[in-house]
$ cat my_file10.cif   # mmCIF, C-alpha atoms
data_run
#
loop_
_atom_site.group_PDB
_atom_site.id
_atom_site.type_symbol
_atom_site.label_atom_id
_atom_site.label_comp_id
_atom_site.auth_asym_id
_atom_site.auth_seq_id
_atom_site.Cartn_x
_atom_site.Cartn_y
_atom_site.Cartn_z
ATOM 1 C CA MET A 1131 -145.188 12.250 122.041
ATOM 2 C CA ALA A 1132 -144.739 15.507 123.939
ATOM 3 C CA ALA A 1133 -144.598 19.007 122.470
ATOM 4 C CA ILE A 1134 -141.346 20.659 123.538
ATOM 5 C CA LEU A 1135 -140.344 24.278 123.059
ATOM 6 C CA ALA A 1136 -136.583 24.874 123.059
ATOM 7 C CA PHE A 1137 -134.713 28.179 123.052
ATOM 8 C CA ALA A 1138 -131.697 29.981 124.456
ATOM 9 C CA GLY A 1139 -132.044 33.193 126.412
ATOM 10 C CA SER A 1140 -129.661 34.961 124.066
ATOM 11 C CA ASN A 1141 -130.075 37.394 121.216
ATOM 12 C CA SER A 1142 -126.597 36.732 119.822
ATOM 13 C CA SER A 1143 -126.330 35.293 116.322
ATOM 14 C CA THR A 1144 -123.338 33.217 117.518
ATOM 15 C CA SER A 1145 -124.809 32.094 120.855
ATOM 16 C CA ILE A 1146 -123.121 29.040 122.345
ATOM 17 C CA ASN A 1147 -126.216 28.550 124.509
ATOM 18 C CA PHE A 1148 -128.306 28.290 121.349
ATOM 19 C CA LYS A 1149 -125.846 25.653 120.084
ATOM 20 C CA LEU A 1150 -126.307 23.721 123.343
ATOM 21 C CA VAL A 1151 -130.108 23.937 123.242
ATOM 22 C CA LYS A 1152 -130.188 22.959 119.560
ATOM 23 C CA TYR A 1153 -128.004 19.920 120.313
ATOM 24 C CA THR A 1154 -130.194 18.975 123.283
ATOM 25 C CA ALA A 1155 -133.403 19.300 121.290
ATOM 26 C CA ALA A 1156 -131.975 17.033 118.595
ATOM 27 C CA LEU A 1157 -131.542 14.274 121.208
ATOM 28 C CA ALA A 1158 -135.283 14.245 121.979
ATOM 29 C CA LYS A 1159 -136.090 12.579 118.653
ATOM 30 C CA GLU A 1160 -139.359 10.949 119.716
ATOM 31 C CA HIS A 1161 -140.957 14.284 120.557
ATOM 32 C CA SER A 1162 -142.318 17.242 118.644
ATOM 33 C CA ILE A 1163 -139.693 19.978 119.015
ATOM 34 C CA GLN A 1164 -140.175 23.660 118.267
ATOM 35 C CA LEU A 1165 -136.742 25.318 118.272
ATOM 36 C CA LEU A 1166 -136.804 29.109 118.506
ATOM 37 C CA ASN A 1167 -133.828 31.386 117.969
ATOM 38 C CA LEU A 1168 -134.475 34.463 120.098
ATOM 39 C CA ALA A 1169 -131.909 36.378 118.024
ATOM 40 C CA ASN A 1170 -134.873 36.792 115.653
ATOM 41 C CA TYR A 1171 -136.996 38.486 118.350
ATOM 42 C CA PRO A 1172 -135.906 42.110 118.843
ATOM 43 C CA PHE A 1173 -137.879 42.943 121.984
ATOM 44 C CA PRO A 1174 -137.428 46.541 123.160
ATOM 45 C CA MET A 1175 -136.253 47.179 126.720
ATOM 46 C CA TYR A 1176 -139.234 46.975 129.020
ATOM 47 C CA SER A 1177 -140.618 50.114 130.626
ATOM 48 C CA GLU A 1178 -144.094 51.008 131.818
ATOM 49 C CA ASP A 1179 -144.012 54.052 129.546
ATOM 50 C CA TYR A 1180 -143.205 51.929 126.484
ATOM 51 C CA GLU A 1181 -145.928 49.431 127.391
ATOM 52 C CA ARG A 1182 -148.505 52.188 127.908
ATOM 53 C CA GLU A 1183 -147.640 53.867 124.585
ATOM 54 C CA ASN A 1184 -147.119 50.781 122.418
ATOM 55 C CA GLY A 1185 -148.732 47.812 124.130
ATOM 56 C CA PHE A 1186 -147.469 44.297 123.482
ATOM 57 C CA SER A 1187 -145.874 43.146 120.242
ATOM 58 C CA ASN A 1188 -147.304 40.304 118.189
ATOM 59 C CA SER A 1189 -143.958 38.524 118.566
ATOM 60 C CA LEU A 1190 -144.294 38.585 122.336
ATOM 61 C CA SER A 1191 -147.864 37.293 122.241
ATOM 62 C CA GLU A 1192 -146.897 34.506 119.848
ATOM 63 C CA PHE A 1193 -143.897 33.565 121.986
ATOM 64 C CA MET A 1194 -146.108 33.286 125.064
ATOM 65 C CA LYS A 1195 -148.592 31.133 123.122
ATOM 66 C CA ASP A 1196 -145.705 28.860 122.076
ATOM 67 C CA ILE A 1197 -144.736 28.450 125.731
ATOM 68 C CA GLN A 1198 -148.286 27.803 126.846
ATOM 69 C CA LYS A 1199 -149.074 25.180 124.187
ATOM 70 C CA SER A 1200 -145.938 23.165 124.975
ATOM 71 C CA ASP A 1201 -145.762 20.232 127.380
ATOM 72 C CA GLY A 1202 -142.224 21.120 128.386
ATOM 73 C CA VAL A 1203 -139.601 23.770 127.765
ATOM 74 C CA ILE A 1204 -135.843 23.452 127.295
ATOM 75 C CA ILE A 1205 -133.965 26.671 128.014
ATOM 76 C CA ALA A 1206 -130.253 27.437 127.859
ATOM 77 C CA VAL A 1207 -129.607 30.701 129.654
ATOM 78 C CA ASN A 1208 -126.559 32.798 128.869
ATOM 79 C CA GLU A 1209 -124.498 34.662 131.422
ATOM 80 C CA HIS A 1210 -123.057 38.159 131.440
ATOM 81 C CA ASN A 1211 -120.847 39.078 134.400
ATOM 82 C CA GLY A 1212 -122.215 36.306 136.620
ATOM 83 C CA ALA A 1213 -125.901 37.034 135.948
ATOM 84 C CA PRO A 1214 -128.491 36.323 133.247
ATOM 85 C CA SER A 1215 -128.179 38.578 130.227
ATOM 86 C CA ALA A 1216 -130.173 41.790 130.238
ATOM 87 C CA TYR A 1217 -131.865 40.518 127.072
ATOM 88 C CA PHE A 1218 -133.241 37.359 128.712
ATOM 89 C CA LYS A 1219 -134.300 39.170 131.871
ATOM 90 C CA ASN A 1220 -136.060 41.670 129.607
ATOM 91 C CA VAL A 1221 -137.900 38.858 127.806
ATOM 92 C CA LEU A 1222 -139.086 37.491 131.157
ATOM 93 C CA ASP A 1223 -140.197 40.974 132.215
ATOM 94 C CA TRP A 1224 -142.258 41.411 129.044
ATOM 95 C CA LEU A 1225 -143.828 37.950 129.300
ATOM 96 C CA SER A 1226 -144.749 38.506 132.942
ATOM 97 C CA ARG A 1227 -146.597 41.680 131.947
ATOM 98 C CA LEU A 1228 -148.787 39.685 129.560
ATOM 99 C CA GLU A 1229 -149.486 37.077 132.232
ATOM 100 C CA ARG A 1230 -147.651 36.731 135.545
ATOM 101 C CA SER A 1231 -147.779 32.912 135.509
ATOM 102 C CA PHE A 1232 -146.972 32.426 131.844
ATOM 103 C CA PHE A 1233 -145.044 29.231 132.669
ATOM 104 C CA ALA A 1234 -147.974 27.755 134.655
ATOM 105 C CA GLY A 1235 -147.773 23.973 134.683
ATOM 106 C CA LYS A 1236 -144.707 23.845 132.432
ATOM 107 C CA LYS A 1237 -141.883 21.447 133.155
ATOM 108 C CA VAL A 1238 -138.476 22.942 132.380
ATOM 109 C CA LEU A 1239 -135.011 21.625 131.622
ATOM 110 C CA LEU A 1240 -132.742 24.556 132.433
ATOM 111 C CA MET A 1241 -129.185 24.653 131.094
ATOM 112 C CA SER A 1242 -126.295 27.044 130.694
ATOM 113 C CA THR A 1243 -122.853 27.125 129.178
ATOM 114 C CA SER A 1244 -119.996 29.564 128.893
ATOM 115 C CA PRO A 1245 -116.374 29.589 127.771
ATOM 116 C CA GLY A 1246 -115.337 29.708 131.438
ATOM 117 C CA LYS A 1247 -114.947 27.032 134.088
ATOM 118 C CA ARG A 1248 -118.218 27.903 135.855
ATOM 119 C CA GLY A 1249 -120.333 27.195 132.762
ATOM 120 C CA GLY A 1250 -122.777 30.040 133.345
ATOM 121 C CA ILE A 1251 -123.819 28.608 136.713
ATOM 122 C CA GLY A 1252 -124.513 32.084 138.169
ATOM 123 C CA ALA A 1253 -127.138 32.825 135.524
ATOM 124 C CA LEU A 1254 -128.552 29.304 135.736
ATOM 125 C CA GLN A 1255 -129.019 29.544 139.511
ATOM 126 C CA LYS A 1256 -130.637 32.974 139.285
ATOM 127 C CA ILE A 1257 -133.116 31.872 136.606
ATOM 128 C CA GLU A 1258 -133.769 28.617 138.482
ATOM 129 C CA GLY A 1259 -134.971 30.794 141.366
ATOM 130 C CA ILE A 1260 -137.093 33.080 139.181
ATOM 131 C CA LEU A 1261 -138.960 30.624 136.928
ATOM 132 C CA PRO A 1262 -141.036 28.953 139.680
ATOM 133 C CA ARG A 1263 -142.482 32.373 140.566
ATOM 134 C CA MET A 1264 -143.791 32.429 136.999
ATOM 135 C CA GLY A 1265 -145.356 28.977 137.319
ATOM 136 C CA ALA A 1266 -142.548 26.758 135.993
ATOM 137 C CA GLU A 1267 -141.420 23.501 137.534
ATOM 138 C CA VAL A 1268 -137.687 23.165 136.957
ATOM 139 C CA ILE A 1269 -137.203 19.406 136.598
ATOM 140 C CA ALA A 1270 -133.463 19.303 135.965
ATOM 141 C CA THR A 1271 -130.497 21.586 135.409
ATOM 142 C CA PHE A 1272 -127.241 21.182 133.539
ATOM 143 C CA SER A 1273 -124.208 23.431 133.238
ATOM 144 C CA LEU A 1274 -121.538 22.874 130.582
ATOM 145 C CA PRO A 1275 -118.235 24.513 131.548
ATOM 146 C CA GLU A 1276 -115.550 25.511 129.062
ATOM 147 C CA PHE A 1277 -117.805 25.256 126.022
ATOM 148 C CA ASN A 1278 -114.970 25.617 123.511
ATOM 149 C CA SER A 1279 -113.121 22.630 125.008
ATOM 150 C CA ASN A 1280 -116.135 20.436 125.840
ATOM 151 C CA PHE A 1281 -118.394 20.851 122.810
ATOM 152 C CA ASP A 1282 -117.798 19.708 119.257
ATOM 153 C CA ALA A 1283 -120.098 21.052 116.538
ATOM 154 C CA GLU A 1284 -120.484 17.605 114.965
ATOM 155 C CA LYS A 1285 -120.341 15.298 118.002
ATOM 156 C CA GLY A 1286 -121.857 17.438 120.736
ATOM 157 C CA ILE A 1287 -120.556 17.229 124.294
ATOM 158 C CA SER A 1288 -117.103 15.682 124.043
ATOM 159 C CA ASP A 1289 -116.323 15.037 127.733
ATOM 160 C CA ALA A 1290 -117.818 11.633 128.641
ATOM 161 C CA ASN A 1291 -118.770 12.578 132.212
ATOM 162 C CA LEU A 1292 -120.412 15.820 131.141
ATOM 163 C CA ALA A 1293 -122.199 14.029 128.276
ATOM 164 C CA LYS A 1294 -123.637 11.523 130.765
ATOM 165 C CA GLU A 1295 -124.679 14.279 133.177
ATOM 166 C CA HIS A 1296 -126.398 16.087 130.283
ATOM 167 C CA GLN A 1297 -128.161 12.935 129.080
ATOM 168 C CA ASP A 1298 -129.313 12.118 132.619
ATOM 169 C CA ALA A 1299 -130.800 15.617 133.000
ATOM 170 C CA LEU A 1300 -132.541 15.319 129.628
ATOM 171 C CA ASN A 1301 -133.864 11.837 130.449
ATOM 172 C CA LEU A 1302 -135.274 13.020 133.774
ATOM 173 C CA PHE A 1303 -136.964 15.975 132.064
ATOM 174 C CA LEU A 1304 -138.427 13.777 129.326
ATOM 175 C CA SER A 1305 -139.712 11.236 131.874
ATOM 176 C CA LYS A 1306 -141.761 13.979 133.549
ATOM 177 C CA ILE A 1307 -143.462 15.353 130.434
ATOM 178 C CA VAL A 1308 -144.794 12.156 128.871
#

$ encode --input "my_file10.cif" --output "structure tokens"
Amino acid sequence: MAAILAFAGSNSSTSINFKLVKYTAALAKEHSIQLLNLANYPFPMYSEDYERENGFSNSLSEFMKDIQKSDGVIIAVNEHNGAPSAYFKNVLDWLSRLERSFFAGKKVLLMSTSPGKRGGIGALQKIEGILPRMGAEVIATFSLPEFNSNFDAEKGISDANLAKEHQDALNLFLSKIV
């Protein structure tokens, strides 16, 4: 049984990416899942001045420890104007200040969703390029377009082809962490 950390890169209390990551984590029943809602982590905007004056928060240190003790990480990254949200980029900036390779040796399933037809693919591709520089191995990616049409709160992904693509990505990820 693998230890999996799952979170969305969003600080919104109504995040559709958190709904996707929560659904995905629930499908990995044979594993130990730690689901974090980053809406509960109010990290300040990173600046060298802030870091020099205040140091690192306990929340940030604990979050990094959660990443480092996991065997694999499931992330759903949200998109704002074709790029990752400022919040998620800020989280990565803070973590990289604690330790540049904070994802060292971690296998990652990277996902995104949005209400639009592109499914947050711009943010997903950008983060897919960034995470390996922080030590991550992105095993699989999945983008869910038109969240409001393709996701049902009770049933999950409602489009059969997208559901299969999602399950295949999850299966590949899980096969690499056990």

$ residues_around --input "my_file10.cif" --residues "A:Pro1214" --least-positions-apart "5" --cutoff "9 Å" --atoms "all atoms listed in the file" --output "PDB file with C-alpha atoms, in the frame of the given file"
ATOM      1  CA  GLY A1139    -132.044  33.193 126.412  1.00  0.00           C
ATOM      2  CA  VAL A1207    -129.607  30.701 129.654  1.00  0.00           C
ATOM      3  CA  ASN A1208    -126.559  32.798 128.869  1.00  0.00           C
ATOM      4  CA  GLU A1209    -124.498  34.662 131.422  1.00  0.00           C
ATOM      5  CA  LYS A1219    -134.300  39.170 131.871  1.00  0.00           C
ATOM      6  CA  GLY A1250    -122.777  30.040 133.345  1.00  0.00           C
ATOM      7  CA  GLY A1252    -124.513  32.084 138.169  1.00  0.00           C
ATOM      8  CA  ALA A1253    -127.138  32.825 135.524  1.00  0.00           C
ATOM      9  CA  LEU A1254    -128.552  29.304 135.736  1.00  0.00           C
ATOM     10  CA  LYS A1256    -130.637  32.974 139.285  1.00  0.00           C
ATOM     11  CA  ILE A1257    -133.116  31.872 136.606  1.00  0.00           C
TER      12      ILE A1257
END

$ atom_distance --input "my_file10.cif" --atom1 "atom CA of A:Ser1231" --atom2 "atom CA of A:Lys1195"
12.5 Å

$ closest_atom_pairs --input "my_file10.cif" --of "stretch 1155-1238 of chain A" --to "stretch 1131-1137 of chain A" --cutoff "12 Å" --atoms "only C-alpha atoms" --output "JSON lines"
{"residue": "A:Ala1155", "atom": "CA", "partner": "A:Ala1136", "partner_atom": "CA", "distance": 6.7}
{"residue": "A:Ala1156", "atom": "CA", "partner": "A:Ala1136", "partner_atom": "CA", "distance": 10.1}
{"residue": "A:Leu1157", "atom": "CA", "partner": "A:Ala1136", "partner_atom": "CA", "distance": 11.9}
{"residue": "A:Ala1158", "atom": "CA", "partner": "A:Ile1134", "partner_atom": "CA", "distance": 9.0}
{"residue": "A:Lys1159", "atom": "CA", "partner": "A:Met1131", "partner_atom": "CA", "distance": 9.7}
{"residue": "A:Glu1160", "atom": "CA", "partner": "A:Met1131", "partner_atom": "CA", "distance": 6.4}
{"residue": "A:His1161", "atom": "CA", "partner": "A:Met1131", "partner_atom": "CA", "distance": 4.9}
{"residue": "A:Ser1162", "atom": "CA", "partner": "A:Ala1133", "partner_atom": "CA", "distance": 4.8}
{"residue": "A:Ile1163", "atom": "CA", "partner": "A:Ile1134", "partner_atom": "CA", "distance": 4.9}
{"residue": "A:Gln1164", "atom": "CA", "partner": "A:Leu1135", "partner_atom": "CA", "distance": 4.8}
{"residue": "A:Leu1165", "atom": "CA", "partner": "A:Ala1136", "partner_atom": "CA", "distance": 4.8}
{"residue": "A:Leu1166", "atom": "CA", "partner": "A:Phe1137", "partner_atom": "CA", "distance": 5.1}
{"residue": "A:Asn1167", "atom": "CA", "partner": "A:Phe1137", "partner_atom": "CA", "distance": 6.1}
{"residue": "A:Leu1168", "atom": "CA", "partner": "A:Phe1137", "partner_atom": "CA", "distance": 6.9}
{"residue": "A:Ala1169", "atom": "CA", "partner": "A:Phe1137", "partner_atom": "CA", "distance": 10.0}
{"residue": "A:Asn1170", "atom": "CA", "partner": "A:Phe1137", "partner_atom": "CA", "distance": 11.4}
{"residue": "A:Tyr1171", "atom": "CA", "partner": "A:Phe1137", "partner_atom": "CA", "distance": 11.6}
{"residue": "A:Phe1193", "atom": "CA", "partner": "A:Leu1135", "partner_atom": "CA", "distance": 10.0}
{"residue": "A:Met1194", "atom": "CA", "partner": "A:Leu1135", "partner_atom": "CA", "distance": 10.9}
{"residue": "A:Lys1195", "atom": "CA", "partner": "A:Leu1135", "partner_atom": "CA", "distance": 10.7}
{"residue": "A:Asp1196", "atom": "CA", "partner": "A:Leu1135", "partner_atom": "CA", "distance": 7.1}
{"residue": "A:Ile1197", "atom": "CA", "partner": "A:Leu1135", "partner_atom": "CA", "distance": 6.6}
{"residue": "A:Gln1198", "atom": "CA", "partner": "A:Leu1135", "partner_atom": "CA", "distance": 9.5}
{"residue": "A:Lys1199", "atom": "CA", "partner": "A:Ala1133", "partner_atom": "CA", "distance": 7.8}
{"residue": "A:Ser1200", "atom": "CA", "partner": "A:Ala1133", "partner_atom": "CA", "distance": 5.0}
{"residue": "A:Asp1201", "atom": "CA", "partner": "A:Ala1133", "partner_atom": "CA", "distance": 5.2}
{"residue": "A:Gly1202", "atom": "CA", "partner": "A:Ile1134", "partner_atom": "CA", "distance": 4.9}
{"residue": "A:Val1203", "atom": "CA", "partner": "A:Leu1135", "partner_atom": "CA", "distance": 4.8}
{"residue": "A:Ile1204", "atom": "CA", "partner": "A:Ala1136", "partner_atom": "CA", "distance": 4.5}
{"residue": "A:Ile1205", "atom": "CA", "partner": "A:Phe1137", "partner_atom": "CA", "distance": 5.2}
{"residue": "A:Ala1206", "atom": "CA", "partner": "A:Phe1137", "partner_atom": "CA", "distance": 6.6}
{"residue": "A:Val1207", "atom": "CA", "partner": "A:Phe1137", "partner_atom": "CA", "distance": 8.7}
{"residue": "A:Asn1208", "atom": "CA", "partner": "A:Phe1137", "partner_atom": "CA", "distance": 11.0}
{"residue": "A:Phe1218", "atom": "CA", "partner": "A:Phe1137", "partner_atom": "CA", "distance": 10.9}
{"residue": "A:Phe1233", "atom": "CA", "partner": "A:Leu1135", "partner_atom": "CA", "distance": 11.8}
{"residue": "A:Lys1236", "atom": "CA", "partner": "A:Ile1134", "partner_atom": "CA", "distance": 10.0}
{"residue": "A:Lys1237", "atom": "CA", "partner": "A:Ile1134", "partner_atom": "CA", "distance": 9.7}
{"residue": "A:Val1238", "atom": "CA", "partner": "A:Ile1134", "partner_atom": "CA", "distance": 9.6}

$ residues_around --input "my_file10.cif" --residues "A:Leu1302" --least-positions-apart "2" --cutoff "12 Å" --atoms "all atoms listed in the file" --output "list in words"
Ala1158, Gly1202, Lys1237, Val1238, Leu1239, Leu1240, Val1268, Ile1269, Ala1270, Thr1271, Phe1272, Glu1295, His1296, Gln1297, Asp1298, Ala1299, Leu1300, Leu1304, Ser1305, Lys1306, Ile1307 and Val1308 of chain A

$ write_last_selection --input "my_file10.cif" --atoms "C-alpha atoms" --output "short mmCIF file (atom, residue, chain, number, x, y, z; two decimals), keeping the file's coordinate frame"
data_model
loop_
_atom_site.label_atom_id
_atom_site.label_comp_id
_atom_site.auth_asym_id
_atom_site.auth_seq_id
_atom_site.Cartn_x
_atom_site.Cartn_y
_atom_site.Cartn_z
CA ALA A 1158 -135.28 14.24 121.98
CA GLY A 1202 -142.22 21.12 128.39
CA LYS A 1237 -141.88 21.45 133.16
CA VAL A 1238 -138.48 22.94 132.38
CA LEU A 1239 -135.01 21.62 131.62
CA LEU A 1240 -132.74 24.56 132.43
CA VAL A 1268 -137.69 23.16 136.96
CA ILE A 1269 -137.20 19.41 136.60
CA ALA A 1270 -133.46 19.30 135.96
CA THR A 1271 -130.50 21.59 135.41
CA PHE A 1272 -127.24 21.18 133.54
CA GLU A 1295 -124.68 14.28 133.18
CA HIS A 1296 -126.40 16.09 130.28
CA GLN A 1297 -128.16 12.94 129.08
CA ASP A 1298 -129.31 12.12 132.62
CA ALA A 1299 -130.80 15.62 133.00
CA LEU A 1300 -132.54 15.32 129.63
CA LEU A 1304 -138.43 13.78 129.33
CA SER A 1305 -139.71 11.24 131.87
CA LYS A 1306 -141.76 13.98 133.55
CA ILE A 1307 -143.46 15.35 130.43
CA VAL A 1308 -144.79 12.16 128.87
#

$ atom_distance --input "my_file10.cif" --atom1 "atom CA of A:Glu1229" --atom2 "atom CA of A:Gly1265"
10.4 Å

$ atom_distance --input "my_file10.cif" --atom1 "atom CA of A:Gly1286" --atom2 "atom CA of A:Tyr1153"
6.6 Å

$ resolve_selection --input "my_file10.cif" --expression "the PyMOL selection byres ((chain A and resi 1172-1177) around 12)" --output "MDAnalysis selection string"
chainID A and resid 1140:1142 1167:1171 1178:1191 1193 1216:1227

$ closest_atom_pairs --input "my_file10.cif" --of "stretch 1158-1246 of chain A" --to "stretch 1273-1279 of chain A" --cutoff "8 Å" --atoms "all atoms listed in the file" --output "tab-separated table"
residue	atom	partner	partner_atom	distance
A:Met1241	CA	A:Ser1273	CA	5.6
A:Ser1242	CA	A:Ser1273	CA	4.9
A:Thr1243	CA	A:Leu1274	CA	4.7
A:Ser1244	CA	A:Phe1277	CA	5.6
A:Pro1245	CA	A:Glu1276	CA	4.4
A:Gly1246	CA	A:Glu1276	CA	4.8

$ residues_around --input "my_file10.cif" --residues "A:Arg1263" --least-positions-apart "2" --cutoff "10 Å" --atoms "all atoms listed in the file" --output "number ranges by chain"
A: 1230-1234, 1258-1261, 1265-1267

$ decode --input "my_file10.cif" --residues "stretch 1177-1188 of chain A" --atoms "N, CA and C atoms" --output "JSON list (two decimals), in the first residue's frame"
[["chain", "number", "residue", "atom", "x", "y", "z"],
["A", 1177, "SER", "N", 7.99, 36.99, -1.18],
["A", 1177, "SER", "CA", 8.98, 38.02, -1.48],
["A", 1177, "SER", "C", 10.18, 37.77, -0.59],
["A", 1178, "GLU", "N", 11.35, 38.13, -1.07],
["A", 1178, "GLU", "CA", 12.56, 37.96, -0.27],
["A", 1178, "GLU", "C", 12.47, 38.78, 1.02],
["A", 1179, "ASP", "N", 11.86, 39.95, 0.93],
["A", 1179, "ASP", "CA", 11.71, 40.79, 2.13],
["A", 1179, "ASP", "C", 10.85, 40.09, 3.17],
["A", 1180, "TYR", "N", 9.71, 39.52, 2.73],
["A", 1180, "TYR", "CA", 8.83, 38.82, 3.66],
["A", 1180, "TYR", "C", 9.56, 37.62, 4.28],
["A", 1181, "GLU", "N", 10.27, 36.87, 3.45],
["A", 1181, "GLU", "CA", 11.00, 35.71, 3.97],
["A", 1181, "GLU", "C", 12.05, 36.13, 4.99],
["A", 1182, "ARG", "N", 12.78, 37.18, 4.70],
["A", 1182, "ARG", "CA", 13.83, 37.65, 5.60],
["A", 1182, "ARG", "C", 13.24, 38.11, 6.94],
["A", 1183, "GLU", "N", 12.09, 38.79, 6.89],
["A", 1183, "GLU", "CA", 11.48, 39.33, 8.10],
["A", 1183, "GLU", "C", 10.69, 38.30, 8.90],
["A", 1184, "ASN", "N", 10.09, 37.33, 8.22],
["A", 1184, "ASN", "CA", 9.17, 36.41, 8.88],
["A", 1184, "ASN", "C", 9.57, 34.94, 8.82],
["A", 1185, "GLY", "N", 10.49, 34.60, 7.95],
["A", 1185, "GLY", "CA", 10.88, 33.20, 7.81],
["A", 1185, "GLY", "C", 9.79, 32.38, 7.15],
["A", 1186, "PHE", "N", 9.77, 31.09, 7.48],
["A", 1186, "PHE", "CA", 8.83, 30.15, 6.87],
["A", 1186, "PHE", "C", 7.75, 29.77, 7.89],
["A", 1187, "SER", "N", 6.52, 29.68, 7.41],
["A", 1187, "SER", "CA", 5.42, 29.33, 8.30],
["A", 1187, "SER", "C", 5.46, 27.84, 8.64],
["A", 1188, "ASN", "N", 4.87, 27.50, 9.78],
["A", 1188, "ASN", "CA", 4.74, 26.09, 10.15],
["A", 1188, "ASN", "C", 3.90, 25.34, 9.14]]
